[in-house]
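Source file: data_39.cif (mmCIF, C-alpha atoms)
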data_protein
loop_
_atom_site.group_PDB
_atom_site.id
_atom_site.type_symbol
_atom_site.label_atom_id
_atom_site.label_comp_id
_atom_site.auth_asym_id
_atom_site.auth_seq_id
_atom_site.Cartn_x
_atom_site.Cartn_y
_atom_site.Cartn_z
ATOM 1 C CA MET A 1 107.448 130.403 141.632
ATOM 2 C CA THR A 2 109.165 131.871 138.576
ATOM 3 C CA MET A 3 109.925 129.348 135.868
ATOM 4 C CA SER A 4 113.649 129.251 135.142
ATOM 5 C CA PHE A 5 115.712 127.593 132.425
ATOM 6 C CA GLU A 6 119.119 128.481 133.894
ATOM 7 C CA GLY A 7 121.769 125.981 132.841
ATOM 8 C CA LYS A 8 119.556 124.458 130.145
ATOM 9 C CA VAL A 9 120.403 124.264 126.440
ATOM 10 C CA ALA A 10 117.479 124.502 124.026
ATOM 11 C CA ILE A 11 117.126 123.998 120.279
ATOM 12 C CA VAL A 12 114.206 125.851 118.698
ATOM 13 C CA THR A 13 113.536 125.068 115.039
ATOM 14 C CA GLY A 14 111.954 127.639 112.753
ATOM 15 C CA ALA A 15 113.035 130.302 115.261
ATOM 16 C CA GLY A 16 113.666 133.191 112.872
ATOM 17 C CA ASN A 17 110.086 134.439 112.877
ATOM 18 C CA GLY A 18 106.717 134.106 114.577
ATOM 19 C CA LEU A 19 106.219 131.451 117.209
ATOM 20 C CA GLY A 20 109.754 130.069 117.045
ATOM 21 C CA ARG A 21 111.236 133.532 117.505
ATOM 22 C CA SER A 22 108.973 134.155 120.494
ATOM 23 C CA HIS A 23 109.865 130.731 121.989
ATOM 24 C CA ALA A 24 113.615 131.313 121.559
ATOM 25 C CA LEU A 25 113.576 134.808 123.051
ATOM 26 C CA GLU A 26 111.540 133.800 126.104
ATOM 27 C CA LEU A 27 113.645 130.707 126.783
ATOM 28 C CA ALA A 28 116.758 132.898 126.621
ATOM 29 C CA LYS A 29 115.161 135.561 128.829
ATOM 30 C CA ARG A 30 114.634 132.857 131.444
ATOM 31 C CA GLY A 31 118.228 131.654 131.308
ATOM 32 C CA ALA A 32 118.452 129.034 128.568
ATOM 33 C CA LYS A 33 121.265 128.903 126.034
ATOM 34 C CA VAL A 34 119.535 128.699 122.660
ATOM 35 C CA VAL A 35 120.249 127.264 119.235
ATOM 36 C CA VAL A 36 118.220 129.478 116.919
ATOM 37 C CA ASN A 37 117.478 127.275 113.921
ATOM 38 C CA ASP A 38 115.923 128.686 110.791
ATOM 39 C CA LEU A 39 116.340 127.812 107.135
ATOM 40 C CA GLY A 40 115.072 131.300 106.387
ATOM 41 C CA GLY A 41 112.707 130.232 103.634
ATOM 42 C CA ALA A 42 109.393 131.697 102.595
ATOM 43 C CA ARG A 43 106.121 130.472 104.092
ATOM 44 C CA ASP A 44 105.842 127.814 101.366
ATOM 45 C CA GLY A 45 109.362 126.553 102.097
ATOM 46 C CA SER A 46 111.109 128.150 99.125
ATOM 47 C CA GLY A 47 114.388 130.046 99.438
ATOM 48 C CA ALA A 48 116.838 130.341 102.345
ATOM 49 C CA SER A 49 118.445 133.123 104.388
ATOM 50 C CA SER A 50 120.214 133.346 107.757
ATOM 51 C CA LYS A 51 119.223 136.980 108.329
ATOM 52 C CA ALA A 52 116.203 136.296 110.567
ATOM 53 C CA SER A 53 117.928 133.749 112.826
ATOM 54 C CA GLN A 54 121.020 135.946 113.215
ATOM 55 C CA GLU A 55 118.767 138.835 114.259
ATOM 56 C CA VAL A 56 117.254 136.643 117.003
ATOM 57 C CA VAL A 57 120.748 135.687 118.182
ATOM 58 C CA ARG A 58 121.663 139.379 118.347
ATOM 59 C CA LEU A 59 118.567 140.144 120.440
ATOM 60 C CA ILE A 60 119.430 137.320 122.838
ATOM 61 C CA GLU A 61 123.034 138.477 123.158
ATOM 62 C CA ASP A 62 121.872 142.065 123.730
ATOM 63 C CA MET A 63 119.887 140.864 126.760
ATOM 64 C CA GLY A 64 122.999 139.121 128.103
ATOM 65 C CA GLY A 65 122.127 135.626 126.935
ATOM 66 C CA GLU A 66 123.962 133.034 124.873
ATOM 67 C CA ALA A 67 122.791 131.810 121.463
ATOM 68 C CA ILE A 68 124.028 130.463 118.166
ATOM 69 C CA SER A 69 122.365 130.494 114.762
ATOM 70 C CA HIS A 70 122.106 127.450 112.515
ATOM 71 C CA GLY A 71 120.445 127.237 109.106
ATOM 72 C CA ALA A 72 119.787 123.479 109.024
ATOM 73 C CA ASN A 73 116.917 122.334 106.855
ATOM 74 C CA VAL A 74 115.145 120.081 109.361
ATOM 75 C CA ALA A 75 114.140 117.730 106.528
ATOM 76 C CA ASN A 76 117.858 116.997 105.936
ATOM 77 C CA TYR A 77 119.260 114.741 108.668
ATOM 78 C CA SER A 78 122.948 115.479 108.003
ATOM 79 C CA GLU A 79 122.294 119.209 108.426
ATOM 80 C CA VAL A 80 120.392 118.533 111.661
ATOM 81 C CA GLU A 81 123.272 116.380 112.936
ATOM 82 C CA ASP A 82 125.684 119.234 112.235
ATOM 83 C CA MET A 83 123.457 121.602 114.238
ATOM 84 C CA VAL A 84 123.367 119.225 117.203
ATOM 85 C CA GLN A 85 127.142 118.664 117.043
ATOM 86 C CA GLN A 86 127.738 122.422 117.091
ATOM 87 C CA ALA A 87 125.512 122.793 120.157
ATOM 88 C CA MET A 88 127.307 119.930 121.934
ATOM 89 C CA ALA A 89 130.724 121.355 121.051
ATOM 90 C CA LYS A 90 129.759 124.741 122.498
ATOM 91 C CA TRP A 91 127.700 123.759 125.545
ATOM 92 C CA GLY A 92 128.134 120.021 126.097
ATOM 93 C CA ARG A 93 124.460 119.114 126.497
ATOM 94 C CA ILE A 94 120.985 119.536 124.987
ATOM 95 C CA ASP A 95 118.062 119.641 127.374
ATOM 96 C CA ILE A 96 115.172 120.965 125.313
ATOM 97 C CA LEU A 97 114.028 120.529 121.723
ATOM 98 C CA ILE A 98 111.158 122.606 120.375
ATOM 99 C CA ASN A 99 110.046 121.145 117.018
ATOM 100 C CA ASN A 100 108.446 124.264 115.595
ATOM 101 C CA ALA A 101 109.649 124.548 111.970
ATOM 102 C CA GLY A 102 106.896 124.323 109.403
ATOM 103 C CA ILE A 103 105.627 125.373 105.990
ATOM 104 C CA LEU A 104 102.256 125.633 104.291
ATOM 105 C CA ARG A 105 101.210 124.495 100.813
ATOM 106 C CA ASP A 106 97.435 124.929 101.142
ATOM 107 C CA LYS A 107 95.121 123.702 98.376
ATOM 108 C CA SER A 108 92.078 121.499 98.189
ATOM 109 C CA PHE A 109 93.000 117.813 97.890
ATOM 110 C CA SER A 110 91.692 117.790 94.293
ATOM 111 C CA LYS A 111 94.088 120.557 93.267
ATOM 112 C CA MET A 112 97.067 119.615 95.437
ATOM 113 C CA THR A 113 100.083 117.980 93.786
ATOM 114 C CA LEU A 114 101.725 114.994 95.446
ATOM 115 C CA ASP A 115 104.933 117.037 95.587
ATOM 116 C CA ASP A 116 103.170 119.637 97.737
ATOM 117 C CA PHE A 117 101.830 116.885 99.966
ATOM 118 C CA LYS A 118 105.235 115.225 100.366
ATOM 119 C CA LEU A 119 107.095 118.468 101.034
ATOM 120 C CA VAL A 120 104.793 119.436 103.902
ATOM 121 C CA MET A 121 105.078 115.916 105.355
ATOM 122 C CA ASP A 122 108.877 116.061 105.018
ATOM 123 C CA VAL A 123 109.233 119.345 106.886
ATOM 124 C CA HIS A 124 106.675 118.750 109.645
ATOM 125 C CA VAL A 125 106.956 115.002 110.194
ATOM 126 C CA MET A 126 110.473 114.061 109.110
ATOM 127 C CA GLY A 127 111.732 117.408 110.402
ATOM 128 C CA SER A 128 110.431 116.494 113.857
ATOM 129 C CA VAL A 129 111.753 112.930 113.511
ATOM 130 C CA ASN A 130 115.205 114.100 112.370
ATOM 131 C CA CYS A 131 115.661 116.631 115.149
ATOM 132 C CA THR A 132 114.352 114.254 117.797
ATOM 133 C CA LYS A 133 116.540 111.392 116.545
ATOM 134 C CA ALA A 134 119.613 113.640 116.607
ATOM 135 C CA VAL A 135 119.150 114.538 120.299
ATOM 136 C CA TRP A 136 117.534 111.318 121.587
ATOM 137 C CA GLU A 137 120.684 109.419 122.652
ATOM 138 C CA ILE A 138 122.132 112.589 124.185
ATOM 139 C CA MET A 139 119.009 113.035 126.296
ATOM 140 C CA LYS A 140 119.012 109.348 127.275
ATOM 141 C CA GLN A 141 122.624 109.550 128.449
ATOM 142 C CA GLN A 142 121.865 112.729 130.420
ATOM 143 C CA ASN A 143 118.741 111.133 131.917
ATOM 144 C CA TYR A 144 116.992 114.363 131.044
ATOM 145 C CA GLY A 145 115.121 115.657 128.041
ATOM 146 C CA ARG A 146 112.132 117.799 127.206
ATOM 147 C CA ILE A 147 110.696 117.651 123.669
ATOM 148 C CA VAL A 148 107.769 119.657 122.330
ATOM 149 C CA MET A 149 106.053 118.729 119.070
ATOM 150 C CA THR A 150 103.924 121.320 117.285
ATOM 151 C CA THR A 151 100.554 119.909 116.316
ATOM 152 C CA SER A 152 97.446 121.756 115.130
ATOM 153 C CA SER A 153 93.675 121.870 115.284
ATOM 154 C CA SER A 154 93.917 121.287 111.512
ATOM 155 C CA GLY A 155 95.237 117.817 112.248
ATOM 156 C CA MET A 156 93.026 116.985 115.208
ATOM 157 C CA TYR A 157 89.791 118.278 113.685
ATOM 158 C CA GLY A 158 90.445 119.005 109.993
ATOM 159 C CA ASN A 159 90.639 122.229 108.010
ATOM 160 C CA PHE A 160 89.581 122.769 104.392
ATOM 161 C CA GLY A 161 92.557 122.953 102.042
ATOM 162 C CA GLN A 162 95.022 121.470 104.524
ATOM 163 C CA SER A 163 95.011 117.711 103.935
ATOM 164 C CA ASN A 164 98.833 117.675 103.819
ATOM 165 C CA TYR A 165 99.286 119.915 106.858
ATOM 166 C CA GLY A 166 96.550 118.121 108.806
ATOM 167 C CA ALA A 167 98.031 114.692 108.092
ATOM 168 C CA ALA A 168 101.460 115.894 109.205
ATOM 169 C CA LYS A 169 100.134 117.451 112.387
ATOM 170 C CA MET A 170 98.369 114.251 113.444
ATOM 171 C CA ALA A 171 101.498 112.234 112.625
ATOM 172 C CA VAL A 172 103.570 114.116 115.208
ATOM 173 C CA LEU A 173 101.013 113.150 117.876
ATOM 174 C CA GLY A 174 101.549 109.496 116.992
ATOM 175 C CA LEU A 175 105.289 110.079 117.263
ATOM 176 C CA MET A 176 104.812 111.712 120.669
ATOM 177 C CA ASN A 177 102.681 108.866 122.007
ATOM 178 C CA THR A 178 105.372 106.243 121.404
ATOM 179 C CA LEU A 179 108.339 108.421 122.410
ATOM 180 C CA VAL A 180 106.619 109.048 125.744
ATOM 181 C CA LEU A 181 106.672 105.299 126.431
ATOM 182 C CA GLU A 182 110.245 104.802 125.236
ATOM 183 C CA GLY A 183 111.702 107.861 126.965
ATOM 184 C CA ALA A 184 110.015 107.526 130.359
ATOM 185 C CA LYS A 185 112.796 105.562 132.086
ATOM 186 C CA ASN A 186 115.338 108.222 131.074
ATOM 187 C CA ASN A 187 113.296 111.203 132.258
ATOM 188 C CA ILE A 188 112.526 112.319 128.716
ATOM 189 C CA ARG A 189 109.113 113.952 128.554
ATOM 190 C CA VAL A 190 107.387 114.620 125.250
ATOM 191 C CA ASN A 191 104.428 116.954 124.824
ATOM 192 C CA SER A 192 102.624 118.744 122.008
ATOM 193 C CA LEU A 193 101.564 122.325 121.457
ATOM 194 C CA ALA A 194 98.543 123.191 119.295
ATOM 195 C CA PRO A 195 98.946 126.923 118.649
ATOM 196 C CA THR A 196 96.711 129.532 117.164
ATOM 197 C CA ALA A 197 98.795 132.637 116.570
ATOM 198 C CA GLY A 198 99.022 135.621 114.257
ATOM 199 C CA THR A 199 102.273 134.772 112.511
ATOM 200 C CA ARG A 200 103.675 134.896 109.000
ATOM 201 C CA MET A 201 101.817 131.614 108.404
ATOM 202 C CA THR A 202 98.416 133.180 109.160
ATOM 203 C CA GLU A 203 98.845 136.933 108.738
ATOM 204 C CA ASP A 204 96.871 137.178 105.503
ATOM 205 C CA LEU A 205 94.127 134.857 106.751
ATOM 206 C CA MET A 206 92.859 137.123 109.575
ATOM 207 C CA PRO A 207 92.148 140.867 110.018
ATOM 208 C CA GLU A 208 95.035 142.889 111.487
ATOM 209 C CA GLU A 209 93.349 143.562 114.851
ATOM 210 C CA ILE A 210 92.634 139.844 115.283
ATOM 211 C CA VAL A 211 96.217 138.974 114.352
ATOM 212 C CA LYS A 212 97.389 141.268 117.170
ATOM 213 C CA ALA A 213 95.150 139.459 119.662
ATOM 214 C CA PHE A 214 96.696 136.177 118.523
ATOM 215 C CA ALA A 215 100.201 137.281 119.502
ATOM 216 C CA PRO A 216 102.865 134.528 119.487
ATOM 217 C CA GLU A 217 103.785 135.457 123.058
ATOM 218 C CA ALA A 218 100.435 134.114 124.292
ATOM 219 C CA VAL A 219 101.304 130.715 122.805
ATOM 220 C CA THR A 220 104.851 130.802 124.175
ATOM 221 C CA ALA A 221 103.500 131.205 127.716
ATOM 222 C CA GLY A 222 101.799 127.836 127.270
ATOM 223 C CA MET A 223 104.751 126.234 125.480
ATOM 224 C CA LEU A 224 107.120 126.933 128.372
ATOM 225 C CA THR A 225 104.968 124.827 130.703
ATOM 226 C CA LEU A 226 105.661 121.822 128.451
ATOM 227 C CA CYS A 227 109.468 121.898 128.660
ATOM 228 C CA ASP A 228 110.567 122.849 132.184
ATOM 229 C CA ASP A 229 111.611 120.470 134.990
ATOM 230 C CA ASP A 230 107.990 120.043 136.111
ATOM 231 C CA ALA A 231 106.583 119.528 132.607
ATOM 232 C CA PRO A 232 103.749 117.050 132.150
ATOM 233 C CA ASN A 233 104.140 114.089 129.810
ATOM 234 C CA ARG A 234 102.038 113.227 126.748
ATOM 235 C CA PHE A 235 100.037 116.420 127.051
ATOM 236 C CA ILE A 236 98.416 118.316 124.175
ATOM 237 C CA LEU A 237 98.189 122.005 125.083
ATOM 238 C CA CYS A 238 96.067 124.259 122.878
ATOM 239 C CA ALA A 239 96.855 127.971 123.100
ATOM 240 C CA GLY A 240 95.907 131.205 121.355
ATOM 241 C CA ALA A 241 94.753 134.781 122.046
ATOM 242 C CA GLY A 242 95.006 134.186 125.786
ATOM 243 C CA GLY A 243 92.963 130.990 125.723
ATOM 244 C CA TYR A 244 94.466 127.706 126.969
ATOM 245 C CA ALA A 245 92.943 124.215 126.793
ATOM 246 C CA SER A 246 93.952 120.566 126.653
ATOM 247 C CA ALA A 247 93.030 118.039 123.976
ATOM 248 C CA SER A 248 92.852 114.276 124.494
ATOM 249 C CA ILE A 249 91.964 111.152 122.559
ATOM 250 C CA PHE A 250 89.327 109.085 124.355
ATOM 251 C CA GLU A 251 88.004 105.626 123.576
ATOM 252 C CA THR A 252 84.589 104.396 124.642
ATOM 253 C CA ASP A 253 84.298 101.235 126.716
ATOM 254 C CA GLY A 254 82.458 99.683 123.772
ATOM 255 C CA CYS A 255 80.545 96.436 123.478
ATOM 256 C CA PHE A 256 81.305 92.738 123.029
ATOM 257 C CA LEU A 257 79.820 90.418 120.419
ATOM 258 C CA PRO A 258 80.345 86.639 120.641
ATOM 259 C CA GLN A 259 81.596 84.860 117.492
ATOM 260 C CA SER A 260 78.088 83.790 116.525
ATOM 261 C CA SER A 261 77.012 87.470 116.400
ATOM 262 C CA GLN A 262 80.021 89.113 114.737
ATOM 263 C CA SER A 263 78.302 90.559 111.664
ATOM 264 C CA PRO A 264 78.055 94.145 110.409
ATOM 265 C CA GLU A 265 74.333 94.039 111.153
ATOM 266 C CA GLN A 266 75.033 93.224 114.826
ATOM 267 C CA VAL A 267 77.746 95.886 115.067
ATOM 268 C CA ARG A 268 75.205 98.424 113.772
ATOM 269 C CA ALA A 269 72.531 97.063 116.145
ATOM 270 C CA HIS A 270 74.860 97.708 119.111
ATOM 271 C CA TRP A 271 75.851 101.196 117.917
ATOM 272 C CA ASP A 272 74.433 102.988 120.975
ATOM 273 C CA GLU A 273 76.421 100.757 123.335
ATOM 274 C CA LEU A 274 79.526 101.003 121.149
ATOM 275 C CA THR A 275 79.420 104.825 121.216
ATOM 276 C CA ALA A 276 78.241 105.365 124.828
ATOM 277 C CA GLN A 277 80.591 107.898 126.422
ATOM 278 C CA ASP A 278 79.852 107.284 130.111
ATOM 279 C CA LYS A 279 82.877 104.976 130.552
ATOM 280 C CA GLN A 280 85.207 106.450 127.954
ATOM 281 C CA ALA A 281 88.872 106.747 128.916
ATOM 282 C CA GLU A 282 92.317 107.755 127.681
ATOM 283 C CA LEU A 283 94.430 104.685 126.936
ATOM 284 C CA ALA A 284 98.026 104.644 128.170
ATOM 285 C CA SER A 285 99.236 102.681 125.130
ATOM 286 C CA GLY A 286 97.947 100.858 122.063
ATOM 287 C CA ALA A 287 98.249 97.559 123.957
ATOM 288 C CA LYS A 288 95.595 98.756 126.402
ATOM 289 C CA GLN A 289 92.946 98.570 123.673
ATOM 290 C CA GLY A 290 93.718 94.906 122.984
ATOM 291 C CA GLU A 291 93.794 94.254 126.729
ATOM 292 C CA LYS A 292 90.328 95.762 127.109
ATOM 293 C CA PHE A 293 88.843 93.619 124.329
ATOM 294 C CA VAL A 294 90.491 90.455 125.675
ATOM 295 C CA MET A 295 89.012 91.170 129.114
ATOM 296 C CA LYS A 296 85.562 91.550 127.540
ATOM 297 C CA ALA A 297 85.951 88.218 125.751
ATOM 298 C CA MET A 298 87.127 86.507 128.938
ATOM 299 C CA ALA A 299 84.222 87.949 130.927
ATOM 300 C CA PHE A 300 81.792 86.621 128.302
ATOM 301 C CA MET A 301 83.374 83.158 128.384
ATOM 302 C CA LYS A 302 83.173 83.109 132.171
ATOM 303 C CA SER A 303 79.487 84.044 132.090
ATOM 304 C CA GLN A 304 78.849 81.239 129.581
ATOM 305 C CA GLN A 305 80.556 78.696 131.828
ATOM 306 C CA GLN A 306 78.495 79.814 134.812
ATOM 307 C CA ASP A 307 75.303 79.389 132.792
#
Is it possible to give me this structure as structure tokens?
Amino acid sequence: MTMSFEGKVAIVTGAGNGLGRSHALELAKRGAKVVVNDLGGARDGSGASSKASQEVVRLIEDMGGEAISHGANVANYSEVEDMVQQAMAKWGRIDILINNAGILRDKSFSKMTLDDFKLVMDVHVMGSVNCTKAVWEIMKQQNYGRIVMTTSSSGMYGNFGQSNYGAAKMAVLGLMNTLVLEGAKNNIRVNSLAPTAGTRMTEDLMPEEIVKAFAPEAVTAGMLTLCDDDAPNRFILCAGAGGYASASIFETDGCFLPQSSQSPEQVRAHWDELTAQDKQAELASGAKQGEKFVMKAMAFMKSQQQD
């Protein structure tokens, strides 16, 4: 069955180039009305221009679709609010938010300035927070919303020279995990995309033929599965060069130590049990970890009473 976005209104941030451009064009091709957001800055976040986003709007209109351009800096909440208000004034609803805007300020942690760290956090983390906050009540009132965060293998696994970017990309997963719980009753589903694509962000990091294999369109095919009516919830989809995978955070079942044995030496002595993966599981919320440990303590107390 062909995936359709007819009647849906989508905001795509950082949509002037690369992945965002690909996301916006494909959503429009499948029927969505699209807000093409792009500050139009350089890869490091400097400068601004509406040329790229207006070009994407023109391409969408040429294919018979509807789109508007907005140059909001996602790190500035008042500008984001203005973007959302313009979308509501034109179309009366917002169904989909793709938090894609990002910048790079790569350097080893030793050489990185705190300003470079903060700027990357502002754009990736607060940019995602600002855009999500601006549409959240609208989606709640509609009883419908689909939000996609953009995470990265750099955050989940680390990447030399990207402490700022990696920290930001793990932060949006933490944001997703709680929004999933808070949005569930209003049919708001929140997922994350971990892309590997040959874009302006990576073009000088890989050979040209490899960049072509990592076309943004391959990532967009995965992204669309995260924001349609049948989208999953709390899913991390990894995509690049035609490869697709899921990533999850698992916790081992662990061990229990009674109060008389709670020393670092005993924790180390039970390391094999603590790290055994045979009963590992994804936890539905942070409370589930505490619940698990309480159950272990209660089971121990019960065994003591029986003895």
| Nearest to Asn177 (chain A) by atom-to-atom distance, counting only C-alpha atoms, from A:Met295, A:Val34, A:Val125, A:Val190 |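 Under the stated criterion, the closest residue is A:Val190.
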| request: Enumerate, as JSON, numbers by chain, the residues matched when the PyMOL selection byres ((chain A and resi 157) around 12) is run on the file above. | output: {"A": [151, 152, 153, 154, 155, 156, 158, 159, 160, 162, 163, 165, 166, 167, 169, 170, 194, 247, 248, 249]}
| request: Point out the residue among A:Gly92, A:Lys33, A:Phe250, A:Asp230 with the least atom-to-atom distance to Glu61 (chain A), counting all atoms listed in the file. | output: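 With all atoms listed in the file as the atom set, the closest residue is A:Lys33.
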| Neighbours of Asp228 (chain A) within 9 Å (all atoms listed in the file; same-chain residues fewer than 5 positions away dropped), as an MDAnalysis selection string? | chainID A and resid 3:5 96 146
| query | For the atom pair CA of Ala24 (chain A) and CA of Met63 (chain A), what is the interatomic distance in Å to one decimal place? | reply | 12.6 Å
| said: So the first atom is CA of Ala213 (chain A) and the second is CA of Ile147 (chain A); what is the distance between them in Å, to one decimal place? | reply: 27.1 Å
| Contact residues around Asn76 (chain A) with only C-alpha atoms at 10 Å, ignoring same-chain residues under 5 positions, as a PyMOL selection string | chain A and resi 81+122-123+126-127+130-131
| task | Using the chain letters and residue numbers of this document, give as a ChimeraX atom specification the residues selected by the PyMOL selection byres ((chain A and resi 288-293) around 9). | result | /A:251,253-256,283-287,294-298
Could you save those same residues with C-alpha atoms as a PDB file, in the frame of the given file?
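As a result, selection24.pdb now contains:
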ATOM      1  CA  GLU A 251      88.004 105.626 123.576  1.00  0.00           C
ATOM      2  CA  ASP A 253      84.298 101.235 126.716  1.00  0.00           C
ATOM      3  CA  GLY A 254      82.458  99.683 123.772  1.00  0.00           C
ATOM      4  CA  CYS A 255      80.545  96.436 123.478  1.00  0.00           C
ATOM      5  CA  PHE A 256      81.305  92.738 123.029  1.00  0.00           C
ATOM      6  CA  LEU A 283      94.430 104.685 126.936  1.00  0.00           C
ATOM      7  CA  ALA A 284      98.026 104.644 128.170  1.00  0.00           C
ATOM      8  CA  SER A 285      99.236 102.681 125.130  1.00  0.00           C
ATOM      9  CA  GLY A 286      97.947 100.858 122.063  1.00  0.00           C
ATOM     10  CA  ALA A 287      98.249  97.559 123.957  1.00  0.00           C
ATOM     11  CA  VAL A 294      90.491  90.455 125.675  1.00  0.00           C
ATOM     12  CA  MET A 295      89.012  91.170 129.114  1.00  0.00           C
ATOM     13  CA  LYS A 296      85.562  91.550 127.540  1.00  0.00           C
ATOM     14  CA  ALA A 297      85.951  88.218 125.751  1.00  0.00           C
ATOM     15  CA  MET A 298      87.127  86.507 128.938  1.00  0.00           C
TER      16      MET A 298
END
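Take CA of Val36 (chain A) and CA of Tyr244 (chain A): the distance between them is 25.9 Å.
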| For Asn233 (chain A), which residue among A:Ala221, A:Met139, A:Ala171, A:Leu181 is the nearest when counting all atoms listed in the file? |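 Distance minimum relative to Asn233 (chain A) lands on A:Leu181.
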